[in-house]
file upload20.txt (compact mmCIF, C-alpha atoms and all ligand atoms)
# COMPACT_ATOMS: atom_id res chain seq x y z
CA MET F 1 11.21 16.20 -39.16
CA LYS F 2 8.44 15.82 -36.58
CA ASN F 3 6.60 12.50 -36.79
CA PRO F 4 2.91 12.91 -37.64
CA THR F 5 0.45 12.06 -34.85
CA PRO F 6 -0.81 8.52 -35.34
CA GLU F 7 -4.48 7.84 -35.91
CA PRO F 8 -6.35 7.07 -32.68
CA LEU F 9 -7.64 3.56 -31.99
CA TYR F 10 -11.37 3.35 -31.22
CA VAL F 11 -13.06 1.28 -28.54
CA THR F 12 -16.55 0.53 -29.80
CA THR F 13 -18.97 -1.25 -27.48
CA PRO F 14 -22.77 -1.35 -27.29
CA THR F 15 -22.59 1.47 -24.70
CA ALA F 16 -19.73 3.65 -25.90
CA ARG F 17 -17.30 4.69 -28.60
CA TYR F 18 -14.11 6.54 -27.68
CA PRO F 19 -10.62 7.18 -28.99
CA VAL F 20 -7.38 5.84 -27.52
CA LEU F 21 -4.48 8.01 -28.66
CA VAL F 22 -0.89 6.86 -28.07
CA ALA F 23 1.83 9.37 -28.97
CA PRO F 24 4.97 10.93 -27.45
CA ASP F 25 3.28 14.31 -26.98
CA ALA F 26 -0.33 13.24 -26.53
CA LEU F 27 -0.98 15.39 -23.42
CA HIS F 28 -0.52 18.59 -25.41
CA MET F 29 -3.57 17.63 -27.43
CA LEU F 30 -5.85 17.42 -24.40
CA PRO F 31 -7.47 20.89 -24.64
CA ASP F 32 -8.33 20.44 -28.32
CA LEU F 33 -9.60 16.91 -27.79
CA LEU F 34 -11.79 17.89 -24.83
CA ALA F 35 -13.43 20.56 -26.97
CA GLU F 36 -13.76 18.18 -29.93
CA HIS F 37 -15.57 15.64 -27.71
CA ALA F 38 -17.92 18.28 -26.26
CA LEU F 39 -16.41 17.98 -22.78
CA HIS F 40 -16.96 21.58 -21.76
CA GLY F 41 -17.68 21.32 -18.01
CA LYS F 42 -15.33 22.04 -15.12
CA LEU F 43 -12.33 19.70 -14.93
CA TRP F 44 -11.46 17.73 -11.78
CA LEU F 45 -7.89 16.45 -12.04
CA ILE F 46 -7.17 13.42 -9.83
CA CYS F 47 -3.46 12.82 -9.85
CA ASP F 48 -0.99 10.26 -8.47
CA SER F 49 1.28 12.08 -5.96
CA ASN F 50 4.42 11.00 -7.85
CA VAL F 51 3.31 12.64 -11.08
CA ALA F 52 1.59 15.73 -9.63
CA ALA F 53 4.63 18.02 -9.76
CA PRO F 54 6.26 16.95 -13.03
CA TYR F 55 3.11 16.43 -15.10
CA GLY F 56 -0.01 17.48 -13.15
CA THR F 57 0.96 21.11 -12.53
CA PRO F 58 2.06 21.88 -16.13
CA LEU F 59 -1.09 20.18 -17.42
CA MET F 60 -3.24 22.30 -15.15
CA GLN F 61 -1.50 25.47 -16.33
CA GLN F 62 -1.94 24.45 -19.94
CA LEU F 63 -5.66 23.82 -19.46
CA GLN F 64 -6.18 27.08 -17.53
CA ALA F 65 -4.39 28.98 -20.30
CA ALA F 66 -6.79 27.38 -22.78
CA GLY F 67 -9.72 28.71 -20.73
CA TRP F 68 -10.75 25.69 -18.64
CA GLN F 69 -11.79 25.85 -15.01
CA ILE F 70 -9.86 23.16 -13.17
CA GLU F 71 -9.34 21.85 -9.62
CA ALA F 72 -6.75 19.25 -8.63
CA TYR F 73 -6.38 16.56 -5.97
CA SER F 74 -3.23 14.52 -5.37
CA VAL F 75 -3.73 10.90 -4.25
CA PRO F 76 -0.87 9.24 -2.29
CA SER F 77 0.88 6.85 -4.67
CA GLY F 78 0.45 3.11 -4.17
CA GLU F 79 -2.13 0.33 -4.19
CA ALA F 80 -3.15 1.20 -0.60
CA SER F 81 -4.93 4.30 -1.97
CA LYS F 82 -7.42 2.15 -3.89
CA ASN F 83 -9.66 1.83 -0.84
CA ALA F 84 -13.07 2.94 0.41
CA GLU F 85 -11.63 5.72 2.59
CA GLN F 86 -9.74 7.40 -0.27
CA TYR F 87 -12.79 6.93 -2.50
CA GLY F 88 -14.96 8.66 0.13
CA GLN F 89 -12.50 11.56 0.45
CA LEU F 90 -12.52 12.13 -3.31
CA CYS F 91 -16.32 12.09 -3.43
CA THR F 92 -16.42 14.60 -0.55
CA TRP F 93 -13.92 16.85 -2.36
CA LEU F 94 -16.06 16.84 -5.50
CA ILE F 95 -19.41 17.32 -3.77
CA ALA F 96 -18.17 19.98 -1.32
CA ASN F 97 -16.74 21.96 -4.23
CA GLY F 98 -19.92 21.82 -6.26
CA VAL F 99 -19.37 19.15 -8.90
CA GLU F 100 -22.04 19.14 -11.60
CA ARG F 101 -23.37 16.50 -14.00
CA GLY F 102 -21.64 18.06 -17.02
CA ASP F 103 -18.19 18.10 -15.37
CA VAL F 104 -15.26 15.87 -16.23
CA VAL F 105 -12.86 13.84 -14.05
CA LEU F 106 -9.32 13.60 -15.43
CA ALA F 107 -7.33 10.61 -14.09
CA LEU F 108 -3.57 11.24 -14.33
CA GLY F 109 -1.54 8.28 -13.05
CA GLY F 110 -1.14 4.52 -13.29
CA GLY F 111 -3.76 1.84 -12.86
CA VAL F 112 -4.33 2.75 -9.22
CA VAL F 113 -5.46 6.32 -9.93
CA GLY F 114 -7.24 5.24 -13.12
CA ASP F 115 -9.32 2.61 -11.30
CA LEU F 116 -10.01 4.85 -8.29
CA ALA F 117 -10.82 8.07 -10.17
CA GLY F 118 -12.84 6.05 -12.69
CA PHE F 119 -14.96 4.59 -9.90
CA VAL F 120 -15.46 8.05 -8.40
CA ALA F 121 -16.60 9.29 -11.84
CA ALA F 122 -18.83 6.22 -12.26
CA SER F 123 -20.68 6.86 -9.04
CA VAL F 124 -20.68 10.54 -8.06
CA LEU F 125 -24.00 12.12 -9.12
CA ARG F 126 -24.74 8.63 -10.58
CA GLY F 127 -21.95 9.02 -13.09
CA ILE F 128 -20.07 11.85 -14.82
CA ALA F 129 -17.63 11.86 -17.74
CA PHE F 130 -14.02 10.87 -17.24
CA VAL F 131 -10.81 10.88 -19.21
CA GLN F 132 -7.92 8.48 -18.71
CA LEU F 133 -4.41 9.98 -18.85
CA PRO F 134 -2.27 6.89 -18.09
CA THR F 135 1.30 7.47 -16.93
CA THR F 136 2.56 3.87 -16.53
CA LEU F 137 3.16 1.34 -19.29
CA LEU F 138 0.72 -1.09 -17.66
CA ALA F 139 -2.01 1.54 -17.62
CA MET F 140 -1.30 2.62 -21.24
CA VAL F 141 -1.74 -0.86 -22.70
CA ASP F 142 -4.24 -2.28 -20.24
CA ALA F 143 -5.82 -0.56 -17.22
CA SER F 144 -6.90 2.71 -18.89
CA ILE F 145 -8.81 0.93 -21.67
CA GLY F 146 -12.08 -0.94 -21.29
CA GLY F 147 -13.94 0.81 -18.48
CA LYS F 148 -13.25 -1.45 -15.52
CA THR F 149 -13.12 0.85 -12.50
CA GLY F 150 -13.04 0.04 -8.82
CA ILE F 151 -11.39 -0.21 -5.44
CA ASN F 152 -10.10 -2.99 -3.19
CA HIS F 153 -11.93 -4.45 -0.18
CA PRO F 154 -10.10 -5.79 2.91
CA LEU F 155 -11.25 -9.26 1.75
CA GLY F 156 -9.75 -8.99 -1.72
CA LYS F 157 -8.55 -6.88 -4.65
CA ASN F 158 -10.91 -5.11 -7.08
CA LEU F 159 -14.03 -6.53 -5.41
CA ILE F 160 -16.02 -3.29 -5.54
CA GLY F 161 -16.44 -1.37 -8.77
CA ALA F 162 -18.37 -0.62 -11.90
CA PHE F 163 -18.01 -0.69 -15.65
CA HIS F 164 -17.78 2.95 -16.69
CA GLN F 165 -16.15 3.71 -20.02
CA PRO F 166 -13.89 6.77 -20.30
CA ARG F 167 -14.70 9.38 -22.96
CA LEU F 168 -11.12 9.59 -24.09
CA VAL F 169 -7.77 7.86 -23.39
CA LEU F 170 -4.57 9.82 -24.03
CA ALA F 171 -1.31 7.94 -23.51
CA ASP F 172 1.72 10.24 -23.63
CA THR F 173 4.70 7.90 -23.96
CA ARG F 174 7.15 10.70 -23.02
CA LEU F 175 5.94 10.27 -19.43
CA LEU F 176 7.39 6.76 -19.24
CA ARG F 177 10.91 8.19 -19.04
CA SER F 178 10.51 8.87 -15.31
CA LEU F 179 8.98 5.49 -14.50
CA PRO F 180 11.18 3.34 -12.18
CA PRO F 181 12.81 0.46 -14.16
CA ARG F 182 10.97 -2.29 -12.26
CA GLU F 183 7.60 -0.63 -12.98
CA LEU F 184 8.55 -0.33 -16.64
CA ALA F 185 9.47 -4.02 -16.80
CA ALA F 186 6.16 -4.92 -15.13
CA GLY F 187 4.40 -3.04 -17.93
CA TRP F 188 6.36 -4.92 -20.59
CA ALA F 189 4.93 -8.15 -19.10
CA GLU F 190 1.45 -7.04 -20.18
CA VAL F 191 2.73 -6.02 -23.62
CA ILE F 192 4.33 -9.47 -24.09
CA LYS F 193 1.10 -11.04 -22.83
CA HIS F 194 -0.84 -9.23 -25.55
CA GLY F 195 1.57 -10.64 -28.13
CA VAL F 196 1.17 -14.21 -26.87
CA ILE F 197 -2.61 -14.15 -26.58
CA TYR F 198 -3.52 -12.26 -29.75
CA ASP F 199 -0.78 -10.79 -31.91
CA ALA F 200 2.17 -12.91 -33.09
CA GLY F 201 3.44 -9.93 -35.12
CA LEU F 202 3.66 -7.81 -31.95
CA PHE F 203 5.59 -10.63 -30.24
CA ALA F 204 8.09 -10.78 -33.13
CA LEU F 205 8.58 -6.98 -33.08
CA LEU F 206 9.26 -7.15 -29.34
CA GLU F 207 11.97 -9.73 -30.05
CA GLN F 208 13.43 -7.77 -32.97
CA HIS F 209 13.56 -4.30 -31.39
CA ALA F 210 14.21 -5.09 -27.73
CA THR F 211 17.17 -2.73 -27.36
CA GLU F 212 15.32 0.28 -28.80
CA LEU F 213 12.21 -0.52 -26.79
CA THR F 214 13.88 -1.06 -23.42
CA GLN F 215 15.60 2.34 -23.96
CA LEU F 216 12.17 3.85 -24.82
CA GLU F 217 13.45 5.14 -28.16
CA GLU F 218 10.91 6.91 -30.32
CA PRO F 219 9.09 6.55 -32.63
CA ARG F 220 9.38 2.77 -32.15
CA THR F 221 8.19 2.81 -28.53
CA SER F 222 4.91 4.61 -29.10
CA SER F 223 4.25 2.53 -32.19
CA ILE F 224 4.64 -0.74 -30.23
CA ILE F 225 2.66 0.56 -27.24
CA ARG F 226 -0.09 1.55 -29.67
CA GLN F 227 -0.03 -1.97 -31.18
CA ALA F 228 -0.26 -3.53 -27.69
CA ALA F 229 -3.09 -1.15 -26.72
CA ALA F 230 -4.86 -2.20 -29.95
CA VAL F 231 -5.12 -5.76 -28.58
CA LYS F 232 -6.98 -4.51 -25.49
CA VAL F 233 -9.12 -2.23 -27.68
CA ALA F 234 -10.06 -5.15 -29.96
CA VAL F 235 -10.83 -7.52 -27.09
CA VAL F 236 -12.98 -5.13 -25.02
CA SER F 237 -14.79 -3.94 -28.14
CA GLN F 238 -15.91 -7.53 -28.70
CA ASP F 239 -16.69 -8.33 -25.05
CA GLU F 240 -17.30 -5.26 -22.89
CA HIS F 241 -18.50 -7.07 -19.76
CA GLU F 242 -16.16 -10.08 -19.72
CA ARG F 243 -18.67 -12.72 -20.73
CA GLY F 244 -16.20 -14.58 -22.97
CA LEU F 245 -13.28 -13.30 -25.03
CA ARG F 246 -12.18 -10.66 -22.49
CA MET F 247 -11.14 -13.53 -20.20
CA ILE F 248 -8.10 -14.17 -22.43
CA LEU F 249 -6.53 -11.00 -20.98
CA ASN F 250 -6.25 -13.06 -17.82
CA TYR F 251 -3.40 -15.14 -19.28
CA GLY F 252 -0.73 -15.56 -16.59
CA HIS F 253 -3.03 -13.91 -14.04
CA THR F 254 -4.54 -16.97 -12.34
CA LEU F 255 -1.19 -18.05 -10.91
CA GLY F 256 0.04 -14.45 -10.90
CA HIS F 257 -2.72 -13.28 -8.55
CA ALA F 258 -2.30 -16.39 -6.37
CA LEU F 259 1.42 -15.73 -6.14
CA GLU F 260 0.88 -12.06 -5.22
CA ALA F 261 -1.45 -13.16 -2.43
CA ALA F 262 0.89 -15.96 -1.26
CA THR F 263 3.99 -13.76 -1.14
CA GLY F 264 2.16 -10.78 0.39
CA TYR F 265 1.05 -7.88 -1.82
CA GLY F 266 3.93 -5.58 -2.74
CA THR F 267 6.69 -8.22 -2.62
CA LEU F 268 6.35 -8.92 -6.32
CA LEU F 269 4.99 -6.28 -8.68
CA HIS F 270 1.83 -7.37 -10.47
CA GLY F 271 3.63 -7.63 -13.83
CA GLU F 272 6.42 -9.71 -12.30
CA ALA F 273 3.88 -12.16 -10.85
CA VAL F 274 2.11 -12.26 -14.23
CA ALA F 275 5.41 -13.10 -15.99
CA ILE F 276 5.95 -16.04 -13.61
CA GLY F 277 2.30 -17.02 -14.13
CA MET F 278 2.70 -16.90 -17.92
CA HIS F 279 5.72 -19.21 -17.81
CA ALA F 280 3.85 -21.63 -15.55
CA ALA F 281 0.69 -21.53 -17.70
CA ALA F 282 2.85 -22.22 -20.75
CA GLY F 283 4.28 -25.19 -18.82
CA ILE F 284 0.77 -26.52 -18.23
CA ALA F 285 0.00 -26.01 -21.94
CA VAL F 286 3.14 -27.94 -22.96
CA THR F 287 2.23 -30.85 -20.69
CA LEU F 288 -1.29 -30.93 -22.15
CA GLY F 289 0.18 -31.01 -25.66
CA LEU F 290 -1.22 -27.59 -26.60
CA PHE F 291 2.04 -25.62 -26.89
CA THR F 292 5.53 -26.74 -27.92
CA PRO F 293 8.56 -26.58 -25.60
CA ALA F 294 10.26 -24.36 -28.23
CA GLU F 295 7.41 -21.83 -28.07
CA ARG F 296 7.59 -21.83 -24.30
CA THR F 297 11.33 -21.21 -24.41
CA ARG F 298 10.75 -18.34 -26.85
CA GLN F 299 8.27 -16.74 -24.46
CA GLN F 300 10.64 -17.23 -21.51
CA ALA F 301 13.55 -15.66 -23.41
CA LEU F 302 11.45 -12.59 -24.27
CA LEU F 303 10.30 -12.17 -20.66
CA HIS F 304 13.95 -12.29 -19.55
CA THR F 305 15.00 -9.79 -22.25
CA TYR F 306 12.54 -7.27 -20.79
CA GLY F 307 13.90 -7.79 -17.27
CA LEU F 308 11.18 -10.09 -15.96
CA PRO F 309 11.43 -13.17 -13.73
CA THR F 310 9.95 -16.56 -14.71
CA ALA F 311 10.86 -18.64 -11.64
CA PHE F 312 8.74 -18.91 -8.52
CA PRO F 313 10.43 -17.45 -5.43
CA THR F 314 12.20 -20.29 -3.56
CA THR F 315 9.92 -19.79 -0.57
CA THR F 316 6.76 -20.55 -2.60
CA ASP F 317 4.52 -23.28 -1.15
CA PRO F 318 2.98 -24.96 -4.25
CA GLN F 319 -0.04 -26.27 -2.33
CA ALA F 320 -0.85 -22.84 -0.90
CA VAL F 321 -0.54 -21.21 -4.35
CA VAL F 322 -2.83 -23.80 -5.96
CA ALA F 323 -5.40 -23.33 -3.17
CA LEU F 324 -5.30 -19.57 -3.81
CA THR F 325 -6.09 -20.03 -7.53
CA LEU F 326 -9.60 -21.06 -6.46
CA ARG F 327 -10.18 -17.49 -5.26
CA ASP F 328 -9.75 -16.19 -8.81
CA LYS F 329 -12.75 -14.12 -9.99
CA LYS F 330 -12.99 -16.33 -13.09
CA VAL F 331 -13.65 -19.51 -11.04
CA GLN F 332 -17.03 -21.07 -11.78
CA GLN F 333 -18.37 -23.92 -9.63
CA ARG F 334 -14.89 -24.34 -8.13
CA ARG F 335 -13.33 -24.96 -11.54
CA VAL F 336 -10.49 -22.65 -12.49
CA ARG F 337 -10.71 -21.48 -16.10
CA TRP F 338 -7.14 -21.53 -17.39
CA ILE F 339 -6.04 -19.38 -20.30
CA LEU F 340 -3.47 -21.53 -22.11
CA PRO F 341 -1.45 -20.71 -25.24
CA THR F 342 -1.84 -22.91 -28.30
CA THR F 343 0.79 -21.02 -30.30
CA ILE F 344 2.42 -17.57 -30.10
CA GLY F 345 -0.57 -15.34 -30.88
CA ALA F 346 -3.49 -17.54 -29.75
CA VAL F 347 -4.90 -19.05 -26.56
CA THR F 348 -7.65 -21.39 -25.49
CA ILE F 349 -9.72 -21.54 -22.27
CA ARG F 350 -9.67 -24.84 -20.35
CA ALA F 351 -11.56 -25.76 -17.17
CA ASP F 352 -10.22 -29.33 -16.99
CA VAL F 353 -6.66 -28.78 -15.78
CA PRO F 354 -6.00 -31.17 -12.86
CA ALA F 355 -4.90 -29.47 -9.64
CA GLU F 356 -2.03 -32.02 -9.38
CA LEU F 357 -0.63 -30.83 -12.70
CA VAL F 358 -0.73 -27.19 -11.56
CA GLN F 359 0.97 -28.16 -8.32
CA ALA F 360 3.67 -30.11 -10.19
CA VAL F 361 4.38 -27.13 -12.48
CA VAL F 362 4.60 -24.73 -9.55
CA ALA F 363 6.91 -27.15 -7.68
CA GLU F 364 9.17 -27.98 -10.64
CA PRO F 365 8.40 -25.72 -13.62
CA ASP F 366 11.09 -27.18 -15.86
CA ALA F 367 10.66 -30.90 -15.08
CA LEU F 368 7.91 -31.48 -17.62
CA HIS F 369 7.24 -34.34 -19.97
CA PRO F 370 5.81 -32.72 -23.08
CA SER F 371 3.44 -34.80 -25.12
CA ARG F 372 3.62 -32.71 -28.30
CA SER F 373 6.79 -32.91 -30.35
CA GLU F 374 8.80 -29.83 -31.30
CA ALA F 375 7.55 -28.03 -34.38
N1 LIG F 401 -9.03 -1.48 -14.86
C1 LIG F 401 -8.35 -2.42 -15.45
O1 LIG F 401 -8.76 -2.97 -16.49
C2 LIG F 401 -7.04 -2.82 -14.88
C3 LIG F 401 -6.19 -3.67 -15.61
C4 LIG F 401 -4.94 -3.98 -15.07
C5 LIG F 401 -4.58 -3.47 -13.83
N2 LIG F 401 -5.42 -2.67 -13.14
C6 LIG F 401 -5.05 -2.10 -11.83
O2 LIG F 401 -3.93 -1.26 -12.03
C7 LIG F 401 -3.21 -1.14 -10.82
C8 LIG F 401 -1.74 -1.21 -11.11
O3 LIG F 401 -1.40 -0.16 -11.98
P1 LIG F 401 0.10 0.34 -12.19
O4 LIG F 401 0.98 -0.83 -12.41
O5 LIG F 401 0.04 1.41 -13.20
O6 LIG F 401 0.50 0.86 -10.75
P2 LIG F 401 0.43 2.28 -10.01
O7 LIG F 401 -0.70 3.09 -10.47
O8 LIG F 401 0.56 1.99 -8.56
O9 LIG F 401 1.79 2.96 -10.51
C9 LIG F 401 3.03 2.34 -10.21
C10 LIG F 401 4.01 3.33 -9.56
O10 LIG F 401 4.53 4.21 -10.55
C11 LIG F 401 4.41 5.57 -10.12
N3 LIG F 401 4.25 6.33 -11.36
C12 LIG F 401 3.19 6.34 -12.19
N4 LIG F 401 3.48 6.99 -13.32
C13 LIG F 401 4.74 7.44 -13.19
C14 LIG F 401 5.60 8.18 -14.04
N5 LIG F 401 5.25 8.52 -15.28
N6 LIG F 401 6.84 8.47 -13.58
C15 LIG F 401 7.24 8.07 -12.35
N7 LIG F 401 6.48 7.34 -11.51
C16 LIG F 401 5.26 7.04 -11.93
C17 LIG F 401 3.24 5.56 -9.18
O11 LIG F 401 3.32 6.63 -8.28
C18 LIG F 401 3.42 4.22 -8.48
O12 LIG F 401 4.37 4.34 -7.45
C19 LIG F 401 -3.72 -2.24 -9.91
O13 LIG F 401 -4.50 -1.66 -8.90
C20 LIG F 401 -4.58 -3.10 -10.82
O14 LIG F 401 -5.64 -3.71 -10.14
C21 LIG F 401 -6.63 -2.32 -13.65
call {"tool": "encode", "arguments": {"input": "upload20.txt", "output": "structure tokens", "more": "lines below"}}
Ligand SMILES: NC(=O)c1ccc[n+]([C@@H]2O[C@H](COP(=O)([O-])OP(=O)(O)OC[C@H]3O[C@@H](n4cnc5c(N)ncnc54)[C@H](O)[C@@H]3O)[C@@H](O)[C@H]2O)c1
result
Amino acid sequence: MKNPTPEPLYVTTPTARYPVLVAPDALHMLPDLLAEHALHGKLWLICDSNVAAPYGTPLMQQLQAAGWQIEAYSVPSGEASKNAEQYGQLCTWLIANGVERGDVVLALGGGVVGDLAGFVAASVLRGIAFVQLPTTLLAMVDASIGGKTGINHPLGKNLIGAFHQPRLVLADTRLLRSLPPRELAAGWAEVIKHGVIYDAGLFALLEQHATELTQLEEPRTSSIIRQAAAVKVAVVSQDEHERGLRMILNYGHTLGHALEAATGYGTLLHGEAVAIGMHAAAGIAVTLGLFTPAERTRQQALLHTYGLPTAFPTTTDPQAVVALTLRDKKVQQRRVRWILPTTIGAVTIRADVPAELVQAVVAEPDALHPSRSEA
């Protein structure tokens, strides 16, 4: 028997309310959902080059058959496309072909295309509607939800952008089957992160059903991805513009971003660097007496189960990594705001972590002297 389509989640902020639908065949529902949400204009499909043939072309045919006018543009895959030049080319394509205010940008791809196409939609004609069609696990549980759009600048990642909420997010979990295994694992890092920061039940399900989930078996996979997406939905609904709570999504990212910069972008995938950053942040939390060694070991075991690393590459220079944490966007008055776990399912924000402690954890992650006894 066919499983019924799950109820959508809803992001509700002071500026927007939109559904996030996670299901194995979600893309088939796009024509109906566009009509239901009064998105009747011409469609401009911006597609990652790796998904254009398998998913972009059939989607275009499906929408044309349903009576939509649609144009498509394929963006070369990879982070390098999230730049001002590619952004300019997309704007030129839209303007030269007569884009109008009532039209809709469809972003089909991972976080790169979602961020880039979202920023194009946020700015062309001072903003038109857009729909997120995430094709990576990271984008399904994180990047496609919450309206952060943007591009990179030669001086740093994601430095230019805008908040522009999508009108609809449709995550078709069938599409994950073609994702390279390392990219899939990188996405699981964000799912595990959502468990640690907000949802102990999600964390336990990830432990319990690891075999089914790593094989992408349905209906379990879409149900767990939906539960992980619900964490992002809940957080951004409470704090659209990252004035407080939304910062908790940064767990593992302070050291993760520093490590990506120190090792050269592309050496480690973002999710891999986040996994290493989560293990190190948990180490800091143990030393401060916030988290138990047993909880940290539980987190490490889960990261390993989903194919993720937790050790710094042997070539890492702890001093250089710590210096790079000061470039984090969440730094205020040169104080890094650390997201640290207090148990599985909850975190706290601390701005008083000594740089020497961070350096010690990066240098010797497992040589800690916990001050809180095992639960
Ligand atoms: N806006 C936000 O809130 C937010 C949050 C987190 C991350 N991000 C951004 O997301 C980006 C990373 O996103 P990502 O990890 O999805 O990377 P990505 O978009 O580069 O996709 C990863 C790779 O997978 C390929 N791919 C995508 N879907 C596929 C599929 N179904 N089958 C086969 N191959 C497929 C892509 O071509 C690419 O090579 C970064 O730029 C990051 O800054 C944004």
call {"tool": "residues_around", "arguments": {"input": "upload20.txt", "residues": "Thr343 of chain F", "least_positions_apart": "5", "cutoff": "8 Å", "atoms": "all atoms listed in the file", "output": "compact mmCIF listing (two decimals) with C-alpha atoms, in the coordinates of the input"}}
result
# COMPACT_ATOMS: atom_id res chain seq x y z
CA VAL F 196 1.17 -14.21 -26.87
CA LEU F 290 -1.22 -27.59 -26.60
CA PHE F 291 2.04 -25.62 -26.89
CA THR F 292 5.53 -26.74 -27.92
CA GLU F 295 7.41 -21.83 -28.07
call {"tool": "atom_distance", "arguments": {"input": "upload20.txt", "atom1": "atom C18 of ligand LIG 401 (chain F)", "atom2": "atom CA of Ser77 of chain F"}}
result
5.3 Å
call {"tool": "atom_distance", "arguments": {"input": "upload20.txt", "atom1": "atom CA of Ile224 of chain F", "atom2": "atom CA of Leu268 of chain F"}}
result
25.3 Å
call {"tool": "atom_distance", "arguments": {"input": "upload20.txt", "atom1": "atom CA of Ala204 of chain F", "atom2": "atom CA of Thr348 of chain F"}}
result
20.5 Å
call {"tool": "residues_near_ligand", "arguments": {"input": "upload20.txt", "ligand": "ligand LIG 401 (chain F)", "cutoff": "7 Å", "atoms": "all atoms listed in the file", "output": "number ranges by chain"}}
result
F: 48-51, 77-79, 82, 109-113, 115, 135-139, 142-149, 157-158, 175-180, 183, 187, 270
call {"tool": "residues_near_point", "arguments": {"input": "upload20.txt", "point": "(-18.6, 11.4, -14.7)", "cutoff": "12 Å", "atoms": "all atoms listed in the file", "output": "short mmCIF file (atom, residue, chain, number, x, y, z; two decimals) with C-alpha atoms, in the coordinates of the input"}}
result
data_model
loop_
_atom_site.label_atom_id
_atom_site.label_comp_id
_atom_site.auth_asym_id
_atom_site.auth_seq_id
_atom_site.Cartn_x
_atom_site.Cartn_y
_atom_site.Cartn_z
CA LEU F 39 -16.41 17.98 -22.78
CA GLY F 41 -17.68 21.32 -18.01
CA LYS F 42 -15.33 22.04 -15.12
CA LEU F 43 -12.33 19.70 -14.93
CA TRP F 44 -11.46 17.73 -11.78
CA CYS F 91 -16.32 12.09 -3.43
CA LEU F 94 -16.06 16.84 -5.50
CA VAL F 99 -19.37 19.15 -8.90
CA GLU F 100 -22.04 19.14 -11.60
CA ARG F 101 -23.37 16.50 -14.00
CA GLY F 102 -21.64 18.06 -17.02
CA ASP F 103 -18.19 18.10 -15.37
CA VAL F 104 -15.26 15.87 -16.23
CA VAL F 105 -12.86 13.84 -14.05
CA LEU F 106 -9.32 13.60 -15.43
CA ALA F 107 -7.33 10.61 -14.09
CA ALA F 117 -10.82 8.07 -10.17
CA GLY F 118 -12.84 6.05 -12.69
CA PHE F 119 -14.96 4.59 -9.90
CA VAL F 120 -15.46 8.05 -8.40
CA ALA F 121 -16.60 9.29 -11.84
CA ALA F 122 -18.83 6.22 -12.26
CA SER F 123 -20.68 6.86 -9.04
CA VAL F 124 -20.68 10.54 -8.06
CA LEU F 125 -24.00 12.12 -9.12
CA ARG F 126 -24.74 8.63 -10.58
CA GLY F 127 -21.95 9.02 -13.09
CA ILE F 128 -20.07 11.85 -14.82
CA ALA F 129 -17.63 11.86 -17.74
CA PHE F 130 -14.02 10.87 -17.24
CA VAL F 131 -10.81 10.88 -19.21
CA GLN F 132 -7.92 8.48 -18.71
CA HIS F 164 -17.78 2.95 -16.69
CA GLN F 165 -16.15 3.71 -20.02
CA PRO F 166 -13.89 6.77 -20.30
CA ARG F 167 -14.70 9.38 -22.96
#
call {"tool": "residues_around", "arguments": {"input": "upload20.txt", "residues": "segment 12-24 of chain F", "least_positions_apart": "6", "cutoff": "6 Å", "atoms": "only C-alpha atoms", "output": "list in words"}}
result
Arg167, Leu168, Val169, Leu170, Ala171, Asp172, Thr173, Arg174, Ser222, Arg226 and Ser237 of chain F
call {"tool": "residues_around", "arguments": {"input": "upload20.txt", "residues": "segment 359-363 of chain F", "least_positions_apart": "4", "cutoff": "12 Å", "atoms": "all atoms listed in the file", "output": "PyMOL selection string"}}
result
chain F and resi 255-256+258-259+276-288+310-325+353-355+367-369
call {"tool": "closest_residue", "arguments": {"input": "upload20.txt", "among": "F:Glu356, F:Gly114, F:Gly264, F:Pro365", "to": "Arg296 of chain F", "atoms": "all atoms listed in the file"}}
result
F:Pro365
call {"tool": "closest_residue", "arguments": {"input": "upload20.txt", "among": "F:Leu302, F:Ala35, F:Ala346, F:Ile192", "to": "Gly67 of chain F", "atoms": "all atoms listed in the file"}}
result
F:Ala35
call {"tool": "axis_aligned_box", "arguments": {"input": "upload20.txt", "around": "segment 45-48 of chain F", "padding_each_side": "4 Å", "output": "lines of an AutoDock Vina configuration file"}}
result
center_x = -4.4
center_y = 13.4
center_z = -10.3
size_x = 14.9
size_y = 14.2
size_z = 11.6
call {"tool": "closest_residue", "arguments": {"input": "upload20.txt", "among": "F:Glu242, F:Glu85, F:Glu272, F:Glu212", "to": "Lys193 of chain F", "atoms": "only C-alpha atoms"}}
result
F:Glu272
